[in-house]
Amino acid sequence: MKKNLFLLLLLLSVKLVKADEGMWLPYLLGQQVYADMVKKGLKLSKEQLYSINKSSMKDAIIIFGGGCTGEIVSNQGLIFTNHHCGYGAIASASSVENNYLRDGFYAKSQAQEIPSKGLSVQFLVRVEDVTAKVEEALKGATTADRNAKLQAATADIIKAATEGTGYEARVNPMFRGNQYLMFVYERYKDIRLVGTPPESVGKFGGDTDNWEWPRHTGDFSVFRVYAGKDGKPADYAADNVPLKPKHFLPVSIKGVKENDYAMIFGYPGGTNRYETSLGVKLKTEVENPSLVNLRDIRLKYMFEEMKKDPAVKLQLASSYAGIANYWKFFDGESKQLLKYHVFEEKQKQEAAFKQWAAGKPEFENVFPQYEKIYKSWAPYAKVRVYLMEGVMGSPLAAYAASLAAVENAILKKGDVKAAVAAADAARTNFLKDENKISDQKILATTAMMYYTDIPKDQHPVGFYESLKSFGDLQDEKTYKTWAASVFANTMIFNEAKWKAFTANPDATVLQDDPAYAYASAFVKNYVGKYQPLYTQFTAENNELGRLYLKGEMQRSPSQFRYPDANFTMRLSYGQVKPYSPRDAVAYDYVTTATGVLDKYVPGDYEFDLPAGYVDLVKKKDFGQYADAKRKDLVVGFITTNDITGGNSGSPVINGNGELIGLAFDGNYEALSHKLQFDKNLNRTICVDVRYVLWCIEKLGGARNIINELKIVK
């Protein structure tokens, strides 16, 4: 217990040497950090930020869906989040006749709100340090069995904490496994769409402006969480009632000024800032370039079809948006890591560690072991990316691969009926989202890229030899002919063949199917040869990472340090600030509606505007949301806050605890932020809440939503 107390104090005794860096745990907010927050403009107490026994800000912050943040903004359970976070639900609610994605939608009453099937939100109930329990369970564990013992221990801890409560819990490692915290959540499953701007507002600028500043995107959507009449979580029912939250955020329309305090609460998905130079090198030389090239192909063929047909655009919209978002991110990340010499900086840090570790048995072999495991895994890293992002980048191949569960059930005499039923249900969903024209091109091109880019001794045995019947393996026509044959002959697209197979499941029939034969060849090749190597590499890398950080904390106990993001609740704080990305270029800290009109291109895929927008802006019909200083409507602003993926939809909060905007993006010049924060260039891009409210009231005519908010003027 003393050891854990010492570790906790060590982790919290930080020196603030980098401006505005840090994704802090509200549960463990150190006095030094809190004092700096107050110095920058915070007016709230620690207990107002996080409390178990009383209502606090943490009770207004939710996990929205599976990978975003949202905030409660009324006493009727109203939720604000990003448009791109609600995108899937909006697309699912839409049809060609009622295209809410294209045209926007605002419920004028609660009766008009649209149920979002499959969408849920989670509220954080409490956090508990379980380090001592985990470490006790891991005593004597080897690297090989550590993960299995950890999973068993955390399962026991979670069961003891949640049994009979209806709560969920997850145990998350902090500081690379040097600390373990349990986060307990309450999940609500009845979530309804209340409002969304037209896509031309919610995605204004599209992929061109993604990760860029200046930005003019109205990236917001509005939902509501419902509960049973007892206020507890309940499945959807027409007579459920809006949730009465423990806390909700007031909304300030006072506007932002340079150097204003800005705090962001949310669920950042993942950073790896304690990564080694070896990891940086693998990422910049192999993983990122491969991923970018493969996603580029997928986006190209999808976009070709989306431009032709509104129905196809609606069908592929959500998938395309997800692929595109991180295509640009990983491209920019590599460029920034190289530009700012992050590899070399890591090497300097590691040299100091090696010198300190000499003669210390626990730490002196950390980097020799690191070098050994990277040397073993690096030759096969690309084959993993090409399977995940290339072969499985084809929706047909990805679905076909899932039929392995049916094959296994047949061959191992498992529950074949259940496996077939699951496959049949999954097929229905697959066919609903499938665009054959783009997918066939993806299948052909990624199969050829694998052949060209991956060493021949890492190919599935016999697969490419079988393709020679379609032509020369160096000729793209061969792959186009083969892909056309796959699409024409797979039972996945043939209703009669599929019904015959599901009525009488036969392993030989499945294995002979061309789509399954393709996917299965590559999956089995990877699982048999390379997955064991990757599993071993990951286990050893994790253990070395734990030791490296443990040693670093002993070597530099006062060093600025916080746990990597791992989709647990964090807060970051900073200020509203402009920046200068390069010589002779300076960016203001806000963008305006005038700038939207400057970018407006009628009928353009990315820069069009909805009916009525231009007239409202030209008339300066901004109502109470006009910025007094600029005599304009502020659309977005930037802050120095430290965020990452998962923070999408996070509230940007002023020193009084009032909502001033929604975080939705980062800037291109700081895309190395998952691995290294840049204190000079890092900016968080936020949509100003005044623009959100203007879009709802003036553009959308939904005054009823505005009336529900607690607006601070």
# chains A, B, ... in the order shown; residues from 1 in each chain; ligands from 1

call {"tool": "residues_around", "arguments": {"residues": "region 244-260 of chain A", "least_positions_apart": "4", "cutoff": "8 Å", "atoms": "only C-alpha atoms", "output": "ChimeraX atom specification"}}
result
/A:41,55-57,59-60,71-77,231,575-578,589,625,627,654,657-660,689-690,709-713

call {"tool": "write_last_selection", "arguments": {"atoms": "N, CA and C atoms", "output": "compact mmCIF listing (two decimals), in the first residue's frame"}}
result
# COMPACT_ATOMS: atom_id res chain seq x y z
N GLY A 41 -7.69 31.45 -15.16
CA GLY A 41 -9.05 31.99 -15.23
C GLY A 41 -10.17 31.12 -14.71
N SER A 55 -23.58 16.79 -7.18
CA SER A 55 -23.63 17.12 -8.60
C SER A 55 -22.38 17.91 -8.98
N SER A 56 -21.76 17.54 -10.09
CA SER A 56 -20.56 18.23 -10.55
C SER A 56 -20.50 18.21 -12.07
N MET A 57 -19.51 18.89 -12.62
CA MET A 57 -19.42 19.00 -14.06
C MET A 57 -19.29 17.64 -14.74
N ASP A 59 -20.86 15.10 -14.32
CA ASP A 59 -22.17 14.50 -14.55
C ASP A 59 -22.85 15.02 -15.81
N ALA A 60 -22.30 16.09 -16.40
CA ALA A 60 -22.86 16.63 -17.64
C ALA A 60 -22.11 16.12 -18.86
N GLU A 71 -22.32 16.48 -24.33
CA GLU A 71 -22.57 17.18 -23.08
C GLU A 71 -24.07 17.43 -22.92
N ILE A 72 -24.54 17.38 -21.69
CA ILE A 72 -25.93 17.65 -21.37
C ILE A 72 -26.09 19.16 -21.19
N VAL A 73 -27.06 19.75 -21.91
CA VAL A 73 -27.19 21.22 -21.91
C VAL A 73 -28.56 21.70 -21.47
N SER A 74 -29.38 20.81 -20.91
CA SER A 74 -30.66 21.26 -20.38
C SER A 74 -31.11 20.31 -19.28
N ASN A 75 -32.12 20.74 -18.53
CA ASN A 75 -32.65 19.88 -17.47
C ASN A 75 -33.62 18.84 -18.02
N GLN A 76 -33.69 18.76 -19.35
CA GLN A 76 -34.51 17.75 -20.02
C GLN A 76 -33.66 16.76 -20.82
N GLY A 77 -32.37 16.64 -20.45
CA GLY A 77 -31.51 15.64 -21.07
C GLY A 77 -31.09 15.95 -22.49
N GLY A 231 -36.65 7.15 -14.02
CA GLY A 231 -35.39 7.86 -14.21
C GLY A 231 -34.21 6.96 -14.49
N GLN A 575 -6.01 28.35 -23.46
CA GLN A 575 -6.51 29.70 -23.72
C GLN A 575 -6.87 29.86 -25.19
N VAL A 576 -7.73 30.81 -25.45
CA VAL A 576 -8.05 31.19 -26.83
C VAL A 576 -6.86 31.97 -27.38
N LYS A 577 -6.24 31.47 -28.44
CA LYS A 577 -5.02 32.12 -28.94
C LYS A 577 -4.87 31.96 -30.46
N PRO A 578 -4.37 33.00 -31.12
CA PRO A 578 -3.99 32.87 -32.52
C PRO A 578 -2.65 32.14 -32.63
N TYR A 589 -7.70 34.12 -34.23
CA TYR A 589 -8.22 33.06 -33.37
C TYR A 589 -9.70 32.78 -33.62
N TYR A 625 -26.82 36.64 -31.35
CA TYR A 625 -25.59 35.87 -31.47
C TYR A 625 -24.48 36.63 -32.18
N ASP A 627 -21.35 39.02 -32.87
CA ASP A 627 -20.17 39.41 -32.10
C ASP A 627 -20.06 40.93 -32.13
N ASN A 654 -15.90 27.90 -20.33
CA ASN A 654 -15.16 29.06 -19.81
C ASN A 654 -14.89 28.91 -18.32
N GLY A 657 -17.67 27.78 -15.93
CA GLY A 657 -18.34 26.50 -16.12
C GLY A 657 -19.45 26.56 -17.15
N GLU A 658 -19.39 27.53 -18.06
CA GLU A 658 -20.43 27.71 -19.08
C GLU A 658 -19.91 27.27 -20.45
N LEU A 659 -20.80 26.69 -21.25
CA LEU A 659 -20.44 26.21 -22.58
C LEU A 659 -20.22 27.38 -23.53
N ILE A 660 -19.06 27.40 -24.20
CA ILE A 660 -18.78 28.45 -25.19
C ILE A 660 -18.55 27.87 -26.59
N VAL A 689 -20.41 28.39 -29.88
CA VAL A 689 -21.77 28.02 -29.52
C VAL A 689 -22.77 29.04 -30.05
N ARG A 690 -22.33 30.27 -30.28
CA ARG A 690 -23.25 31.28 -30.85
C ARG A 690 -23.63 30.89 -32.28
N LEU A 709 -32.67 25.93 -23.21
CA LEU A 709 -31.33 26.14 -22.68
C LEU A 709 -31.31 27.21 -21.60
N LYS A 710 -30.31 27.14 -20.74
CA LYS A 710 -30.06 28.22 -19.78
C LYS A 710 -28.97 29.11 -20.39
N ILE A 711 -29.39 30.20 -21.02
CA ILE A 711 -28.47 31.05 -21.76
C ILE A 711 -27.96 32.19 -20.87
N VAL A 712 -26.65 32.34 -20.87
CA VAL A 712 -26.00 33.40 -20.09
C VAL A 712 -25.54 34.48 -21.06
N LYS A 713 -26.02 35.70 -20.83
CA LYS A 713 -25.70 36.80 -21.75
C LYS A 713 -24.65 37.73 -21.15

call {"tool": "residues_around", "arguments": {"residues": "Gly206 (chain A)", "least_positions_apart": "4", "cutoff": "12 Å", "atoms": "only C-alpha atoms", "output": "PyMOL selection string"}}
result
chain A and resi 84+199-202+210-212+215-219+317+320-321+324-325+328+599+604-608

call {"tool": "write_last_selection", "arguments": {"atoms": "N, CA and C atoms", "output": "JSON list (two decimals), in the first residue's frame"}}
result
[["chain", "number", "residue", "atom", "x", "y", "z"],
["A", 84, "HIS", "N", -20.33, 15.20, -36.96],
["A", 84, "HIS", "CA", -19.71, 13.96, -37.43],
["A", 84, "HIS", "C", -19.86, 12.83, -36.42],
["A", 199, "GLU", "N", -26.08, 19.05, -44.11],
["A", 199, "GLU", "CA", -24.70, 18.60, -44.25],
["A", 199, "GLU", "C", -23.80, 19.70, -44.80],
["A", 200, "SER", "N", -24.35, 20.58, -45.63],
["A", 200, "SER", "CA", -23.56, 21.67, -46.19],
["A", 200, "SER", "C", -23.11, 22.65, -45.13],
["A", 201, "VAL", "N", -23.72, 22.64, -43.95],
["A", 201, "VAL", "CA", -23.25, 23.40, -42.79],
["A", 201, "VAL", "C", -22.41, 22.51, -41.88],
["A", 202, "GLY", "N", -22.94, 21.33, -41.56],
["A", 202, "GLY", "CA", -22.28, 20.42, -40.62],
["A", 202, "GLY", "C", -20.97, 19.86, -41.11],
["A", 210, "ASN", "N", -10.65, 19.58, -43.78],
["A", 210, "ASN", "CA", -10.44, 18.69, -42.63],
["A", 210, "ASN", "C", -9.03, 18.86, -42.08],
["A", 211, "TRP", "N", -8.91, 18.98, -40.74],
["A", 211, "TRP", "CA", -7.64, 19.20, -40.05],
["A", 211, "TRP", "C", -6.98, 20.54, -40.42],
["A", 212, "GLU", "N", -7.76, 21.51, -40.91],
["A", 212, "GLU", "CA", -7.18, 22.78, -41.34],
["A", 212, "GLU", "C", -7.79, 23.95, -40.57],
["A", 215, "ARG", "N", -11.16, 27.48, -40.34],
["A", 215, "ARG", "CA", -12.24, 26.50, -40.52],
["A", 215, "ARG", "C", -13.59, 27.19, -40.35],
["A", 216, "HIS", "N", -14.58, 26.76, -41.12],
["A", 216, "HIS", "CA", -15.89, 27.40, -41.10],
["A", 216, "HIS", "C", -17.01, 26.36, -41.03],
["A", 217, "THR", "N", -16.79, 25.31, -40.28],
["A", 217, "THR", "CA", -17.71, 24.18, -40.23],
["A", 217, "THR", "C", -18.63, 24.26, -39.02],
["A", 218, "GLY", "N", -19.92, 24.10, -39.25],
["A", 218, "GLY", "CA", -20.90, 24.05, -38.15],
["A", 218, "GLY", "C", -21.05, 22.63, -37.66],
["A", 219, "ASP", "N", -20.01, 22.11, -37.04],
["A", 219, "ASP", "CA", -19.93, 20.69, -36.69],
["A", 219, "ASP", "C", -20.67, 20.40, -35.39],
["A", 317, "ALA", "N", -22.09, 7.49, -47.00],
["A", 317, "ALA", "CA", -21.64, 8.71, -46.32],
["A", 317, "ALA", "C", -20.89, 8.44, -45.03],
["A", 320, "TYR", "N", -17.54, 6.52, -45.62],
["A", 320, "TYR", "CA", -16.57, 7.40, -46.28],
["A", 320, "TYR", "C", -15.98, 8.40, -45.29],
["A", 321, "ALA", "N", -16.84, 9.01, -44.48],
["A", 321, "ALA", "CA", -16.37, 10.02, -43.53],
["A", 321, "ALA", "C", -15.36, 9.44, -42.55],
["A", 324, "ALA", "N", -12.02, 8.76, -44.45],
["A", 324, "ALA", "CA", -11.36, 10.00, -44.86],
["A", 324, "ALA", "C", -10.72, 10.73, -43.70],
["A", 325, "ASN", "N", -11.38, 10.71, -42.55],
["A", 325, "ASN", "CA", -10.90, 11.48, -41.41],
["A", 325, "ASN", "C", -9.47, 11.11, -41.06],
["A", 328, "LYS", "N", -6.32, 11.54, -43.84],
["A", 328, "LYS", "CA", -5.59, 12.81, -43.82],
["A", 328, "LYS", "C", -4.76, 12.93, -42.55],
["A", 599, "LYS", "N", -15.84, 31.42, -49.02],
["A", 599, "LYS", "CA", -15.55, 30.07, -49.51],
["A", 599, "LYS", "C", -16.70, 29.46, -50.32],
["A", 604, "ASP", "N", -21.27, 23.17, -55.18],
["A", 604, "ASP", "CA", -20.04, 22.41, -54.95],
["A", 604, "ASP", "C", -20.26, 21.32, -53.91],
["A", 605, "TYR", "N", -19.53, 20.20, -54.06],
["A", 605, "TYR", "CA", -19.70, 19.06, -53.16],
["A", 605, "TYR", "C", -19.32, 19.41, -51.72],
["A", 606, "GLU", "N", -18.35, 20.31, -51.55],
["A", 606, "GLU", "CA", -17.84, 20.61, -50.21],
["A", 606, "GLU", "C", -18.17, 22.02, -49.72],
["A", 607, "PHE", "N", -18.41, 22.95, -50.63],
["A", 607, "PHE", "CA", -18.53, 24.36, -50.23],
["A", 607, "PHE", "C", -19.85, 25.00, -50.64],
["A", 608, "ASP", "N", -20.88, 24.19, -50.79],
["A", 608, "ASP", "CA", -22.23, 24.72, -51.05],
["A", 608, "ASP", "C", -22.83, 25.17, -49.72]]

call {"tool": "residues_around", "arguments": {"residues": "Val420 (chain A)", "least_positions_apart": "4", "cutoff": "10 Å", "atoms": "only C-alpha atoms", "output": "PDB file with N, CA and C atoms, in the first residue's frame"}}
result
ATOM      1  N   LEU A 403     -17.299 -15.110 -42.415  1.00  0.00           N
ATOM      2  CA  LEU A 403     -17.908 -16.438 -42.584  1.00  0.00           C
ATOM      3  C   LEU A 403     -17.005 -17.554 -42.065  1.00  0.00           C
ATOM      4  N   ALA A 405     -16.490 -18.012 -39.116  1.00  0.00           N
ATOM      5  CA  ALA A 405     -17.207 -18.539 -37.951  1.00  0.00           C
ATOM      6  C   ALA A 405     -18.110 -19.705 -38.349  1.00  0.00           C
ATOM      7  N   VAL A 406     -18.677 -19.619 -39.556  1.00  0.00           N
ATOM      8  CA  VAL A 406     -19.518 -20.718 -40.054  1.00  0.00           C
ATOM      9  C   VAL A 406     -18.651 -21.931 -40.390  1.00  0.00           C
ATOM     10  N   GLU A 407     -17.536 -21.684 -41.063  1.00  0.00           N
ATOM     11  CA  GLU A 407     -16.625 -22.779 -41.404  1.00  0.00           C
ATOM     12  C   GLU A 407     -16.146 -23.491 -40.147  1.00  0.00           C
ATOM     13  N   ALA A 409     -17.588 -23.640 -37.235  1.00  0.00           N
ATOM     14  CA  ALA A 409     -18.688 -24.383 -36.606  1.00  0.00           C
ATOM     15  C   ALA A 409     -18.935 -25.711 -37.317  1.00  0.00           C
ATOM     16  N   ILE A 410     -18.834 -25.693 -38.647  1.00  0.00           N
ATOM     17  CA  ILE A 410     -19.053 -26.926 -39.418  1.00  0.00           C
ATOM     18  C   ILE A 410     -17.940 -27.937 -39.152  1.00  0.00           C
ATOM     19  N   ASP A 415     -22.013 -25.030 -32.946  1.00  0.00           N
ATOM     20  CA  ASP A 415     -23.419 -24.656 -33.145  1.00  0.00           C
ATOM     21  C   ASP A 415     -23.561 -24.031 -34.533  1.00  0.00           C
ATOM     22  N   VAL A 416     -23.708 -24.894 -35.529  1.00  0.00           N
ATOM     23  CA  VAL A 416     -23.773 -24.437 -36.928  1.00  0.00           C
ATOM     24  C   VAL A 416     -25.001 -23.558 -37.152  1.00  0.00           C
ATOM     25  N   ASP A 424     -26.271 -14.770 -41.595  1.00  0.00           N
ATOM     26  CA  ASP A 424     -27.404 -14.314 -42.402  1.00  0.00           C
ATOM     27  C   ASP A 424     -27.830 -12.904 -42.009  1.00  0.00           C
ATOM     28  N   ALA A 425     -27.875 -12.645 -40.701  1.00  0.00           N
ATOM     29  CA  ALA A 425     -28.240 -11.309 -40.224  1.00  0.00           C
ATOM     30  C   ALA A 425     -27.179 -10.286 -40.639  1.00  0.00           C
ATOM     31  N   ALA A 426     -25.905 -10.675 -40.529  1.00  0.00           N
ATOM     32  CA  ALA A 426     -24.817  -9.779 -40.913  1.00  0.00           C
ATOM     33  C   ALA A 426     -24.849  -9.504 -42.416  1.00  0.00           C
ATOM     34  N   PHE A 501     -27.186 -22.675 -49.451  1.00  0.00           N
ATOM     35  CA  PHE A 501     -26.082 -22.888 -48.504  1.00  0.00           C
ATOM     36  C   PHE A 501     -26.567 -22.824 -47.061  1.00  0.00           C
ATOM     37  N   THR A 502     -27.381 -21.833 -46.724  1.00  0.00           N
ATOM     38  CA  THR A 502     -27.836 -21.701 -45.337  1.00  0.00           C
ATOM     39  C   THR A 502     -28.788 -22.834 -44.950  1.00  0.00           C
ATOM     40  N   ALA A 503     -29.487 -23.393 -45.944  1.00  0.00           N
ATOM     41  CA  ALA A 503     -30.366 -24.534 -45.659  1.00  0.00           C
ATOM     42  C   ALA A 503     -29.568 -25.803 -45.408  1.00  0.00           C
ATOM     43  N   ASN A 504     -28.412 -25.907 -46.080  1.00  0.00           N
ATOM     44  CA  ASN A 504     -27.562 -27.086 -45.927  1.00  0.00           C
ATOM     45  C   ASN A 504     -26.096 -26.648 -45.896  1.00  0.00           C
ATOM     46  N   PRO A 505     -25.626 -26.106 -44.746  1.00  0.00           N
ATOM     47  CA  PRO A 505     -24.255 -25.568 -44.675  1.00  0.00           C
ATOM     48  C   PRO A 505     -23.214 -26.645 -44.957  1.00  0.00           C
TER      49      PRO A 505
END

call {"tool": "closest_residue", "arguments": {"among": "A:Leu291, A:Val366, A:Val585, A:Ala262", "to": "Met37 (chain A)", "atoms": "only C-alpha atoms"}}
result
A:Ala262

call {"tool": "select_by_dssp", "arguments": {"residues": "region 122-300 of chain A", "states": "strand (DSSP E or B)", "output": "PyMOL selection string"}}
result
chain A and resi 122-129+168-174+179-188+190-196+221-227+241-242+251-252+261-266

call {"tool": "write_last_selection", "arguments": {"atoms": "N, CA and C atoms", "output": "CSV table (one decimal), in the first residue's frame"}}
result
chain,number,residue,atom,x,y,z
A,122,GLN,N,-23.1,7.0,-22.2
A,122,GLN,CA,-22.7,6.6,-20.8
A,122,GLN,C,-22.3,7.7,-19.9
A,123,PHE,N,-22.7,7.7,-18.7
A,123,PHE,CA,-22.4,8.7,-17.7
A,123,PHE,C,-21.4,8.0,-16.8
A,124,LEU,N,-20.3,8.8,-16.4
A,124,LEU,CA,-19.4,8.3,-15.4
A,124,LEU,C,-19.9,8.4,-14.0
A,125,VAL,N,-20.0,7.3,-13.3
A,125,VAL,CA,-20.5,7.2,-11.9
A,125,VAL,C,-19.4,7.5,-10.9
A,126,ARG,N,-18.3,6.8,-11.1
A,126,ARG,CA,-17.2,7.0,-10.2
A,126,ARG,C,-15.9,6.4,-10.7
A,127,VAL,N,-14.8,6.8,-10.1
A,127,VAL,CA,-13.4,6.2,-10.5
A,127,VAL,C,-12.8,5.6,-9.2
A,128,GLU,N,-12.2,4.5,-9.3
A,128,GLU,CA,-11.5,3.9,-8.2
A,128,GLU,C,-10.2,3.4,-8.5
A,129,ASP,N,-9.2,3.6,-7.7
A,129,ASP,CA,-7.8,3.1,-7.9
A,129,ASP,C,-7.8,1.7,-7.5
A,168,GLU,N,-21.9,-0.6,-15.6
A,168,GLU,CA,-20.8,-1.2,-16.3
A,168,GLU,C,-19.5,-0.7,-15.8
A,169,ALA,N,-18.4,-1.4,-16.0
A,169,ALA,CA,-17.1,-0.9,-15.5
A,169,ALA,C,-16.0,-1.4,-16.4
A,170,ARG,N,-15.0,-0.6,-16.5
A,170,ARG,CA,-13.8,-0.9,-17.2
A,170,ARG,C,-12.6,-0.6,-16.4
A,171,VAL,N,-11.6,-1.5,-16.4
A,171,VAL,CA,-10.3,-1.2,-15.7
A,171,VAL,C,-9.3,-0.7,-16.8
A,172,ASN,N,-8.8,0.5,-16.6
A,172,ASN,CA,-7.9,1.0,-17.6
A,172,ASN,C,-6.5,1.2,-17.0
A,173,PRO,N,-5.5,0.7,-17.7
A,173,PRO,CA,-4.1,1.0,-17.3
A,173,PRO,C,-3.7,2.4,-17.5
A,174,MET,N,-3.0,3.0,-16.6
A,174,MET,CA,-2.4,4.3,-16.7
A,174,MET,C,-0.9,4.2,-16.6
A,179,GLN,N,-0.1,2.0,-13.1
A,179,GLN,CA,-1.3,2.3,-12.3
A,179,GLN,C,-2.5,1.8,-13.0
A,180,TYR,N,-3.5,1.4,-12.2
A,180,TYR,CA,-4.8,0.9,-12.8
A,180,TYR,C,-6.0,1.6,-12.1
A,181,LEU,N,-6.9,2.1,-12.9
A,181,LEU,CA,-8.1,2.8,-12.4
A,181,LEU,C,-9.3,2.1,-13.0
A,182,MET,N,-10.3,1.9,-12.1
A,182,MET,CA,-11.6,1.4,-12.6
A,182,MET,C,-12.6,2.5,-12.8
A,183,PHE,N,-13.2,2.6,-13.9
A,183,PHE,CA,-14.2,3.6,-14.3
A,183,PHE,C,-15.6,2.9,-14.3
A,184,VAL,N,-16.5,3.4,-13.5
A,184,VAL,CA,-17.8,2.8,-13.5
A,184,VAL,C,-18.8,3.7,-14.2
A,185,TYR,N,-19.6,3.1,-15.1
A,185,TYR,CA,-20.5,3.9,-15.9
A,185,TYR,C,-22.0,3.4,-15.8
A,186,GLU,N,-22.9,4.3,-16.2
A,186,GLU,CA,-24.3,4.0,-16.3
A,186,GLU,C,-24.7,4.3,-17.8
A,187,ARG,N,-25.2,3.3,-18.5
A,187,ARG,CA,-25.5,3.4,-19.9
A,187,ARG,C,-27.0,3.6,-20.1
A,188,TYR,N,-27.3,4.6,-20.9
A,188,TYR,CA,-28.7,4.9,-21.4
A,188,TYR,C,-28.8,4.6,-22.8
A,190,ASP,N,-31.9,4.8,-24.8
A,190,ASP,CA,-33.0,5.4,-25.6
A,190,ASP,C,-32.5,6.8,-25.9
A,191,ILE,N,-31.9,7.0,-27.1
A,191,ILE,CA,-31.4,8.3,-27.5
A,191,ILE,C,-32.1,8.7,-28.8
A,192,ARG,N,-32.5,9.9,-28.8
A,192,ARG,CA,-33.3,10.4,-30.0
A,192,ARG,C,-32.7,11.6,-30.6
A,193,LEU,N,-32.8,11.6,-32.0
A,193,LEU,CA,-32.3,12.8,-32.7
A,193,LEU,C,-33.3,13.9,-32.6
A,194,VAL,N,-32.7,15.1,-32.2
A,194,VAL,CA,-33.5,16.3,-32.0
A,194,VAL,C,-33.3,17.3,-33.1
A,195,GLY,N,-32.0,17.4,-33.5
A,195,GLY,CA,-31.7,18.4,-34.6
A,195,GLY,C,-30.4,18.2,-35.2
A,196,THR,N,-30.3,18.6,-36.5
A,196,THR,CA,-29.0,18.6,-37.2
A,196,THR,C,-29.1,19.7,-38.3
A,221,SER,N,-24.6,18.5,-33.7
A,221,SER,CA,-25.9,17.9,-33.8
A,221,SER,C,-26.5,17.8,-32.4
A,222,VAL,N,-27.8,17.6,-32.4
A,222,VAL,CA,-28.5,17.7,-31.1
A,222,VAL,C,-29.3,16.4,-30.9
A,223,PHE,N,-29.2,15.8,-29.7
A,223,PHE,CA,-29.9,14.6,-29.4
A,223,PHE,C,-30.5,14.8,-28.0
A,224,ARG,N,-31.3,13.8,-27.6
A,224,ARG,CA,-31.8,13.8,-26.2
A,224,ARG,C,-31.8,12.4,-25.6
A,225,VAL,N,-31.5,12.3,-24.4
A,225,VAL,CA,-31.4,11.0,-23.7
A,225,VAL,C,-32.7,10.8,-22.9
A,226,TYR,N,-33.3,9.6,-23.1
A,226,TYR,CA,-34.6,9.3,-22.4
A,226,TYR,C,-34.3,8.2,-21.4
A,227,ALA,N,-35.2,8.2,-20.4
A,227,ALA,CA,-35.1,7.1,-19.3
A,227,ALA,C,-36.5,6.6,-19.1
A,241,VAL,N,-39.4,9.0,-20.7
A,241,VAL,CA,-39.4,10.4,-20.4
A,241,VAL,C,-38.0,11.0,-20.5
A,242,PRO,N,-37.8,12.3,-20.9
A,242,PRO,CA,-36.5,12.9,-20.9
A,242,PRO,C,-35.8,12.7,-19.6
A,251,VAL,N,-25.2,27.9,-21.1
A,251,VAL,CA,-24.6,28.2,-22.4
A,251,VAL,C,-24.4,29.7,-22.4
A,252,SER,N,-23.1,30.1,-22.6
A,252,SER,CA,-22.8,31.5,-22.6
A,252,SER,C,-22.7,32.0,-24.1
A,261,TYR,N,-9.7,32.0,-20.8
A,261,TYR,CA,-9.6,30.6,-20.3
A,261,TYR,C,-10.5,29.7,-21.1
A,262,ALA,N,-10.0,28.5,-21.4
A,262,ALA,CA,-10.8,27.5,-22.1
A,262,ALA,C,-10.5,26.1,-21.5
A,263,MET,N,-11.5,25.4,-21.1
A,263,MET,CA,-11.4,24.1,-20.5
A,263,MET,C,-12.2,23.1,-21.3
A,264,ILE,N,-11.6,21.9,-21.6
A,264,ILE,CA,-12.3,20.9,-22.4
A,264,ILE,C,-12.4,19.6,-21.6
A,265,PHE,N,-13.6,19.2,-21.3
A,265,PHE,CA,-13.9,17.9,-20.7
A,265,PHE,C,-14.2,16.9,-21.8
A,266,GLY,N,-13.8,15.6,-21.6
A,266,GLY,CA,-14.2,14.7,-22.6
A,266,GLY,C,-13.4,13.4,-22.5

call {"tool": "select_by_dssp", "arguments": {"residues": "region 400-614 of chain A", "states": "helix (DSSP H, G or I)", "output": "PyMOL selection string"}}
result
chain A and resi 400-402+404-411+416-433+436-453+456-458+463-470+476-489+491-493+495-503+507-512+514-529+531-555+593-599+613-614

call {"tool": "closest_residue", "arguments": {"among": "A:Lys46, A:Lys313, A:Lys339, A:Lys524", "to": "His459 (chain A)", "atoms": "only C-alpha atoms"}}
result
A:Lys524

call {"tool": "closest_residue", "arguments": {"among": "A:Leu396, A:Val121, A:Leu299, A:Pro214", "to": "Tyr579 (chain A)", "atoms": "only C-alpha atoms"}}
result
A:Pro214

call {"tool": "atom_distance", "arguments": {"atom1": "CA of Thr592 (chain A)", "atom2": "CA of Phe637 (chain A)"}}
result
9.2 Å

call {"tool": "closest_atom_pairs", "arguments": {"of": "region 220-245 of chain A", "to": "region 144-167 of chain A", "cutoff": "12 Å", "atoms": "only C-alpha atoms", "output": "tab-separated table"}}
result
residue	atom	partner	partner_atom	distance
A:Lys232	CA	A:Gly166	CA	9.6
A:Pro233	CA	A:Gly166	CA	8.9
A:Ala234	CA	A:Gly166	CA	10.9

call {"tool": "closest_residue", "arguments": {"among": "A:Ser438, A:Gln347, A:Gln355, A:Ser290", "to": "Met302 (chain A)", "atoms": "only C-alpha atoms"}}
result
A:Ser438

call {"tool": "residues_around", "arguments": {"residues": "region 376-385 of chain A", "least_positions_apart": "5", "cutoff": "8 Å", "atoms": "only C-alpha atoms", "output": "ChimeraX atom specification"}}
result
/A:282,286-287,290-291,390,454,458,526,530,533-534,537

call {"tool": "closest_residue", "arguments": {"among": "A:Thr591, A:Ser51, A:Thr640, A:Thr538", "to": "Pro26 (chain A)", "atoms": "only C-alpha atoms"}}
result
A:Ser51

call {"tool": "closest_residue", "arguments": {"among": "A:Tyr301, A:Phe522, A:Phe363, A:Tyr562", "to": "Leu28 (chain A)", "atoms": "only C-alpha atoms"}}
result
A:Tyr562
